[in-house]
$ cat structure.tsv   # TSV, C-alpha atoms
chain	number	residue	atom	x	y	z
A	1	MET	CA	-8.50	-20.27	-9.13
A	2	SER	CA	-9.50	-18.89	-12.50
A	3	SER	CA	-13.14	-17.75	-12.27
A	4	ASN	CA	-15.41	-15.81	-9.94
A	5	THR	CA	-17.60	-18.92	-9.62
A	6	GLU	CA	-14.76	-20.78	-7.91
A	7	TYR	CA	-14.30	-17.92	-5.43
A	8	LEU	CA	-17.99	-17.36	-4.73
A	9	SER	CA	-18.76	-20.49	-2.77
A	10	ARG	CA	-19.60	-21.08	0.88
A	11	ARG	CA	-16.58	-23.34	1.20
A	12	TYR	CA	-14.25	-20.54	0.07
A	13	LEU	CA	-15.99	-17.64	1.83
A	14	THR	CA	-15.23	-18.63	5.40
A	15	ILE	CA	-15.51	-16.29	8.39
A	16	ARG	CA	-11.73	-16.01	8.42
A	17	ARG	CA	-11.73	-14.90	4.79
A	18	TRP	CA	-14.46	-12.32	5.45
A	19	THR	CA	-12.24	-11.02	8.26
A	20	SER	CA	-9.41	-10.59	5.78
A	21	PHE	CA	-11.72	-8.73	3.38
A	22	TRP	CA	-12.76	-6.38	6.20
A	23	HIS	CA	-9.14	-5.57	7.04
A	24	GLN	CA	-8.29	-4.97	3.38
A	25	ILE	CA	-11.13	-2.48	3.13
A	26	ASP	CA	-10.33	-0.86	6.47
A	27	GLU	CA	-6.63	-0.42	5.73
A	28	VAL	CA	-7.33	1.18	2.34
A	29	LEU	CA	-9.85	3.57	3.89
A	30	ARG	CA	-7.34	4.54	6.58
A	31	THR	CA	-4.99	5.85	3.87
A	32	ASN	CA	-7.65	8.38	2.75
A	33	ALA	CA	-7.05	7.26	-0.83
A	34	LYS	CA	-9.39	8.39	-3.58
A	35	THR	CA	-7.97	6.17	-6.32
A	36	VAL	CA	-7.05	2.52	-5.76
A	37	LEU	CA	-5.49	-0.23	-7.84
A	38	GLU	CA	-6.51	-3.71	-6.66
A	39	ILE	CA	-4.11	-6.39	-7.88
A	40	GLY	CA	-5.89	-9.73	-7.89
A	41	VAL	CA	-9.65	-9.63	-8.49
A	42	GLY	CA	-10.66	-12.67	-6.45
A	43	THR	CA	-14.31	-12.47	-5.42
A	44	GLY	CA	-14.70	-8.81	-6.35
A	45	ILE	CA	-16.11	-8.17	-2.87
A	46	VAL	CA	-13.37	-5.77	-1.75
A	47	ALA	CA	-13.43	-3.66	-4.92
A	48	ASN	CA	-17.22	-3.40	-4.82
A	49	ALA	CA	-17.18	-2.38	-1.16
A	50	LEU	CA	-14.55	0.30	-1.75
A	51	ARG	CA	-16.62	1.69	-4.61
A	52	GLN	CA	-19.59	1.92	-2.26
A	53	PHE	CA	-17.40	4.17	-0.10
A	54	GLY	CA	-16.93	6.44	-3.11
A	55	LEU	CA	-13.43	5.37	-4.14
A	56	SER	CA	-12.37	4.97	-7.75
A	57	VAL	CA	-11.10	1.38	-8.02
A	58	THR	CA	-9.25	-0.16	-10.96
A	59	THR	CA	-8.88	-3.95	-10.87
A	60	PHE	CA	-5.86	-5.74	-12.35
A	61	ASP	CA	-5.38	-9.46	-12.87
A	62	ILE	CA	-3.52	-11.83	-15.15
A	63	SER	CA	-6.64	-13.97	-15.62
A	64	PRO	CA	-9.16	-12.72	-18.23
A	65	GLU	CA	-11.78	-15.09	-16.78
A	66	LEU	CA	-11.97	-12.86	-13.69
A	67	LYS	CA	-12.86	-9.86	-15.90
A	68	PRO	CA	-10.50	-7.28	-14.40
A	69	ASP	CA	-10.49	-3.71	-15.69
A	70	VAL	CA	-6.93	-4.31	-16.90
A	71	ILE	CA	-5.47	-7.71	-17.83
A	72	GLY	CA	-1.75	-8.05	-17.26
A	73	ASP	CA	1.25	-9.31	-15.32
A	74	ILE	CA	2.14	-7.70	-11.98
A	75	LEU	CA	5.80	-7.80	-13.05
A	76	GLU	CA	4.94	-5.42	-15.90
A	77	LEU	CA	2.80	-2.78	-14.16
A	78	LYS	CA	4.96	-0.06	-15.72
A	79	ARG	CA	3.64	-1.10	-19.13
A	80	TYR	CA	0.08	-0.33	-18.11
A	81	PHE	CA	0.30	2.62	-15.71
A	82	PRO	CA	2.39	5.81	-15.51
A	83	PRO	CA	4.32	6.47	-12.29
A	84	SER	CA	2.23	7.31	-9.21
A	85	SER	CA	-1.06	6.51	-10.96
A	86	PHE	CA	-2.98	5.60	-7.79
A	87	ASP	CA	-3.19	6.90	-4.23
A	88	CYS	CA	-3.06	3.32	-2.95
A	89	VAL	CA	-2.27	-0.12	-4.36
A	90	LEU	CA	-3.91	-3.13	-2.71
A	91	CYS	CA	-2.26	-6.50	-3.28
A	92	ALA	CA	-3.77	-9.16	-1.01
A	93	GLN	CA	-2.78	-12.84	-1.10
A	94	VAL	CA	-1.19	-12.55	-4.54
A	95	LEU	CA	2.60	-12.35	-4.30
A	96	GLU	CA	3.01	-15.84	-2.85
A	97	HIS	CA	1.89	-17.23	-6.21
A	98	LEU	CA	5.10	-15.88	-7.78
A	99	HIS	CA	8.47	-17.54	-7.35
A	100	PHE	CA	10.30	-15.74	-4.55
A	101	GLU	CA	12.93	-14.31	-6.89
A	102	SER	CA	10.07	-12.30	-8.43
A	103	PHE	CA	8.96	-10.88	-5.06
A	104	LYS	CA	11.30	-7.88	-5.07
A	105	PRO	CA	10.64	-6.99	-8.74
A	106	ALA	CA	6.89	-7.14	-8.00
A	107	VAL	CA	7.28	-4.84	-4.98
A	108	GLU	CA	9.29	-2.44	-7.16
A	109	GLN	CA	6.43	-2.41	-9.69
A	110	ILE	CA	3.95	-1.59	-6.90
A	111	TYR	CA	6.27	1.19	-5.73
A	112	HIS	CA	6.27	2.63	-9.26
A	113	THR	CA	2.49	2.56	-9.51
A	114	THR	CA	1.41	3.99	-6.16
A	115	LYS	CA	1.55	7.67	-5.24
A	116	ASN	CA	1.37	7.19	-1.49
A	117	TYR	CA	0.44	3.81	-0.01
A	118	ALA	CA	0.44	0.07	-0.60
A	119	ILE	CA	-1.51	-2.51	1.38
A	120	ILE	CA	-0.02	-5.99	1.06
A	121	SER	CA	-1.11	-9.21	2.72
A	122	LEU	CA	0.69	-12.53	2.55
A	123	PRO	CA	0.05	-16.03	3.90
A	124	TYR	CA	1.69	-16.43	7.30
A	125	HIS	CA	2.84	-19.91	8.27
A	126	ARG	CA	2.68	-20.25	12.03
A	127	ARG	CA	4.27	-23.04	14.03
A	128	TYR	CA	1.16	-23.29	16.16
A	129	TRP	CA	-2.61	-23.32	15.87
A	130	GLY	CA	-4.53	-20.44	17.41
A	131	ILE	CA	-7.72	-20.91	19.43
A	132	ILE	CA	-9.63	-17.74	20.28
A	133	ALA	CA	-11.65	-17.55	23.49
A	134	GLN	CA	-13.85	-14.52	24.09
A	135	PHE	CA	-14.96	-13.63	27.61
A	136	ASN	CA	-16.84	-10.97	29.56
A	137	LEU	CA	-16.27	-10.76	33.32
A	138	PRO	CA	-18.49	-8.55	35.53
A	139	LEU	CA	-15.62	-6.84	37.35
A	140	PHE	CA	-12.96	-6.89	34.67
A	141	GLY	CA	-14.86	-6.34	31.42
A	142	GLY	CA	-14.50	-8.23	28.18
A	143	GLY	CA	-11.53	-9.53	26.26
A	144	ARG	CA	-10.17	-12.26	24.05
A	145	LEU	CA	-7.60	-14.93	24.76
A	146	ASN	CA	-5.46	-16.48	22.04
A	147	ILE	CA	-4.35	-20.00	23.00
A	148	ARG	CA	-1.39	-21.42	21.06
A	149	ILE	CA	-1.16	-25.14	20.30
A	150	PRO	CA	1.97	-26.48	18.54
A	151	ARG	CA	1.34	-27.49	14.91
A	152	LEU	CA	2.29	-31.16	14.56
A	153	ILE	CA	0.93	-31.79	11.06
A	154	HIS	CA	3.06	-30.80	8.06
A	155	HIS	CA	1.54	-27.84	6.24
A	156	GLU	CA	1.26	-28.12	2.44
A	157	MET	CA	1.51	-24.88	0.45
A	158	ASN	CA	-0.52	-26.18	-2.51
A	159	GLU	CA	-0.59	-23.36	-5.11
A	160	HIS	CA	1.73	-21.12	-3.09
A	161	LYS	CA	5.38	-20.93	-4.12
A	162	TRP	CA	6.40	-19.65	-0.65
A	163	GLU	CA	4.89	-18.37	2.59
A	164	VAL	CA	6.11	-16.01	5.29
A	165	GLY	CA	7.38	-18.04	8.24
A	166	LYS	CA	8.28	-21.09	6.19
A	167	SER	CA	11.91	-22.18	6.20
A	168	GLY	CA	13.93	-19.63	4.25
A	169	TYR	CA	11.25	-16.92	4.38
A	170	PRO	CA	11.32	-15.29	7.83
A	171	VAL	CA	9.42	-12.07	8.45
A	172	LYS	CA	12.64	-10.05	8.60
A	173	LYS	CA	13.58	-11.20	5.08
A	174	ILE	CA	10.24	-10.00	3.71
A	175	GLU	CA	10.49	-6.70	5.59
A	176	SER	CA	14.00	-6.13	4.25
A	177	VAL	CA	12.64	-6.15	0.70
A	178	LEU	CA	9.68	-3.94	1.57
A	179	ARG	CA	11.92	-1.38	3.29
A	180	ASP	CA	13.91	-0.87	0.10
A	181	TYR	CA	10.87	0.95	-1.28
A	182	PHE	CA	8.49	1.71	1.58
A	183	LYS	CA	8.25	2.72	5.20
A	184	ILE	CA	6.38	0.01	7.11
A	185	GLU	CA	3.74	1.98	9.01
A	186	LYS	CA	1.91	-1.06	10.33
A	187	ARG	CA	2.35	-4.82	10.41
A	188	PHE	CA	-0.25	-7.12	11.91
A	189	TYR	CA	-2.23	-10.31	11.57
A	190	PRO	CA	-5.96	-10.25	12.34
A	191	PHE	CA	-6.87	-11.87	15.63
A	192	GLU	CA	-9.54	-13.85	13.78
A	193	ASN	CA	-7.22	-14.97	10.96
A	194	ILE	CA	-3.61	-15.34	12.07
A	195	ARG	CA	-2.72	-16.95	8.72
A	196	HIS	CA	-2.81	-13.59	6.91
A	197	LEU	CA	-0.02	-11.10	7.58
A	198	PHE	CA	-0.80	-7.48	6.64
A	199	PHE	CA	1.51	-4.57	5.87
A	200	ARG	CA	0.49	-0.93	5.51
A	201	LEU	CA	3.31	0.67	3.53
A	202	ARG	CA	4.07	4.35	2.91
A	203	LYS	CA	6.04	5.09	-0.26
A	204	LYS	CA	9.54	6.44	0.24
A	205	GLU	CA	10.52	9.60	-1.60
A	206	ASP	CA	12.44	9.01	-4.83
$ encode --input "structure.tsv" --output "structure tokens"
Amino acid sequence: MSSNTEYLSRRYLTIRRWTSFWHQIDEVLRTNAKTVLEIGVGTGIVANALRQFGLSVTTFDISPELKPDVIGDILELKRYFPPSSFDCVLCAQVLEHLHFESFKPAVEQIYHTTKNYAIISLPYHRRYWGIIAQFNLPLFGGGRLNIRIPRLIHHEMNEHKWEVGKSGYPVKKIESVLRDYFKIEKRFYPFENIRHLFFRLRKKED
């Protein structure tokens, strides 16, 4: 997508996507960051929300149509920002658009740019569909049940060059790259959107 108009549609802004936005915001806030670099402008919803919380947010994107604060290539962050320029770097649903051989160089660029934390989310290919059932029982309280149904239809990646969980890209391979630069403090997928895999990363000392 190349313009905010394409992102700001009811078809794009599904409940699952709003869930992902909420977790992006929540994870950044949990780092207690004051300055944030958001890589990938998208709808602009996350950056605007973080600013409402009083954070200083700089947006970065390769597409001038999205009107980021800084236009550039994620593989060249060092050209635009000195080391440790931001308390936290947020990069959600971006890295899968690069060829996988560029994944590690991109993570290294994020490492260079953040002072403390990085929040990264990636598409997560599951071999099953998830159905969520919510219940509230008088004697046992409430809860949610995730029912797994095997995925029989071939999943097309469309604009994605790769996805976590696809053949050749297991979770452990992704984590191996991340651990070269960061400590993985948290890894999860939202109950409401199991297709997005989140990592909260703490920068390792040089």
$ residues_near_point --input "structure.tsv" --point "(-8.2, 7.5, -12.1)" --cutoff "8 Å" --atoms "only C-alpha atoms" --output "VMD selection string"
chain A and resid 35 56 to 58 85 to 86
$ residues_around --input "structure.tsv" --residues "Asp87 (chain A)" --least-positions-apart "4" --cutoff "9 Å" --atoms "only C-alpha atoms" --output "list in words"
Thr31, Asn32, Ala33, Lys34, Thr35, Val36, Leu37, Thr113, Thr114, Lys115, Asn116, Tyr117 and Ala118 of chain A
$ atom_distance --input "structure.tsv" --atom1 "CA of Arg79 (chain A)" --atom2 "CA of Ser102 (chain A)"
16.8 Å
$ atom_distance --input "structure.tsv" --atom1 "CA of Lys161 (chain A)" --atom2 "CA of Glu96 (chain A)"
5.8 Å
$ atom_distance --input "structure.tsv" --atom1 "CA of Lys183 (chain A)" --atom2 "CA of Leu201 (chain A)"
5.6 Å
$ closest_residue --input "structure.tsv" --among "A:Leu95, A:Ile110, A:Ile25, A:Ile174" --to "Tyr80 (chain A)" --atoms "all atoms listed in the file"
A:Ile110
$ closest_residue --input "structure.tsv" --among "A:Arg16, A:Lys67, A:His112, A:Arg30" --to "Glu205 (chain A)" --atoms "only C-alpha atoms"
A:His112
$ closest_residue --input "structure.tsv" --among "A:Phe100, A:Gln24, A:Glu76, A:Asp69" --to "Tyr189 (chain A)" --atoms "only C-alpha atoms"
A:Gln24
$ closest_residue --input "structure.tsv" --among "A:Arg200, A:His97, A:Arg179, A:Lys78" --to "Asp26 (chain A)" --atoms "only C-alpha atoms"
A:Arg200
$ closest_residue --input "structure.tsv" --among "A:Lys204, A:His196, A:Glu38, A:Gly72" --to "Gly165 (chain A)" --atoms "all atoms listed in the file"
A:His196
$ residues_around --input "structure.tsv" --residues "Tyr181 (chain A)" --least-positions-apart "4" --cutoff "7 Å" --atoms "only C-alpha atoms" --output "ChimeraX atom specification"
/A:108,111,203-204
$ closest_residue --input "structure.tsv" --among "A:His99, A:Phe81, A:Thr19, A:Ile62" --to "Glu192 (chain A)" --atoms "only C-alpha atoms"
A:Thr19
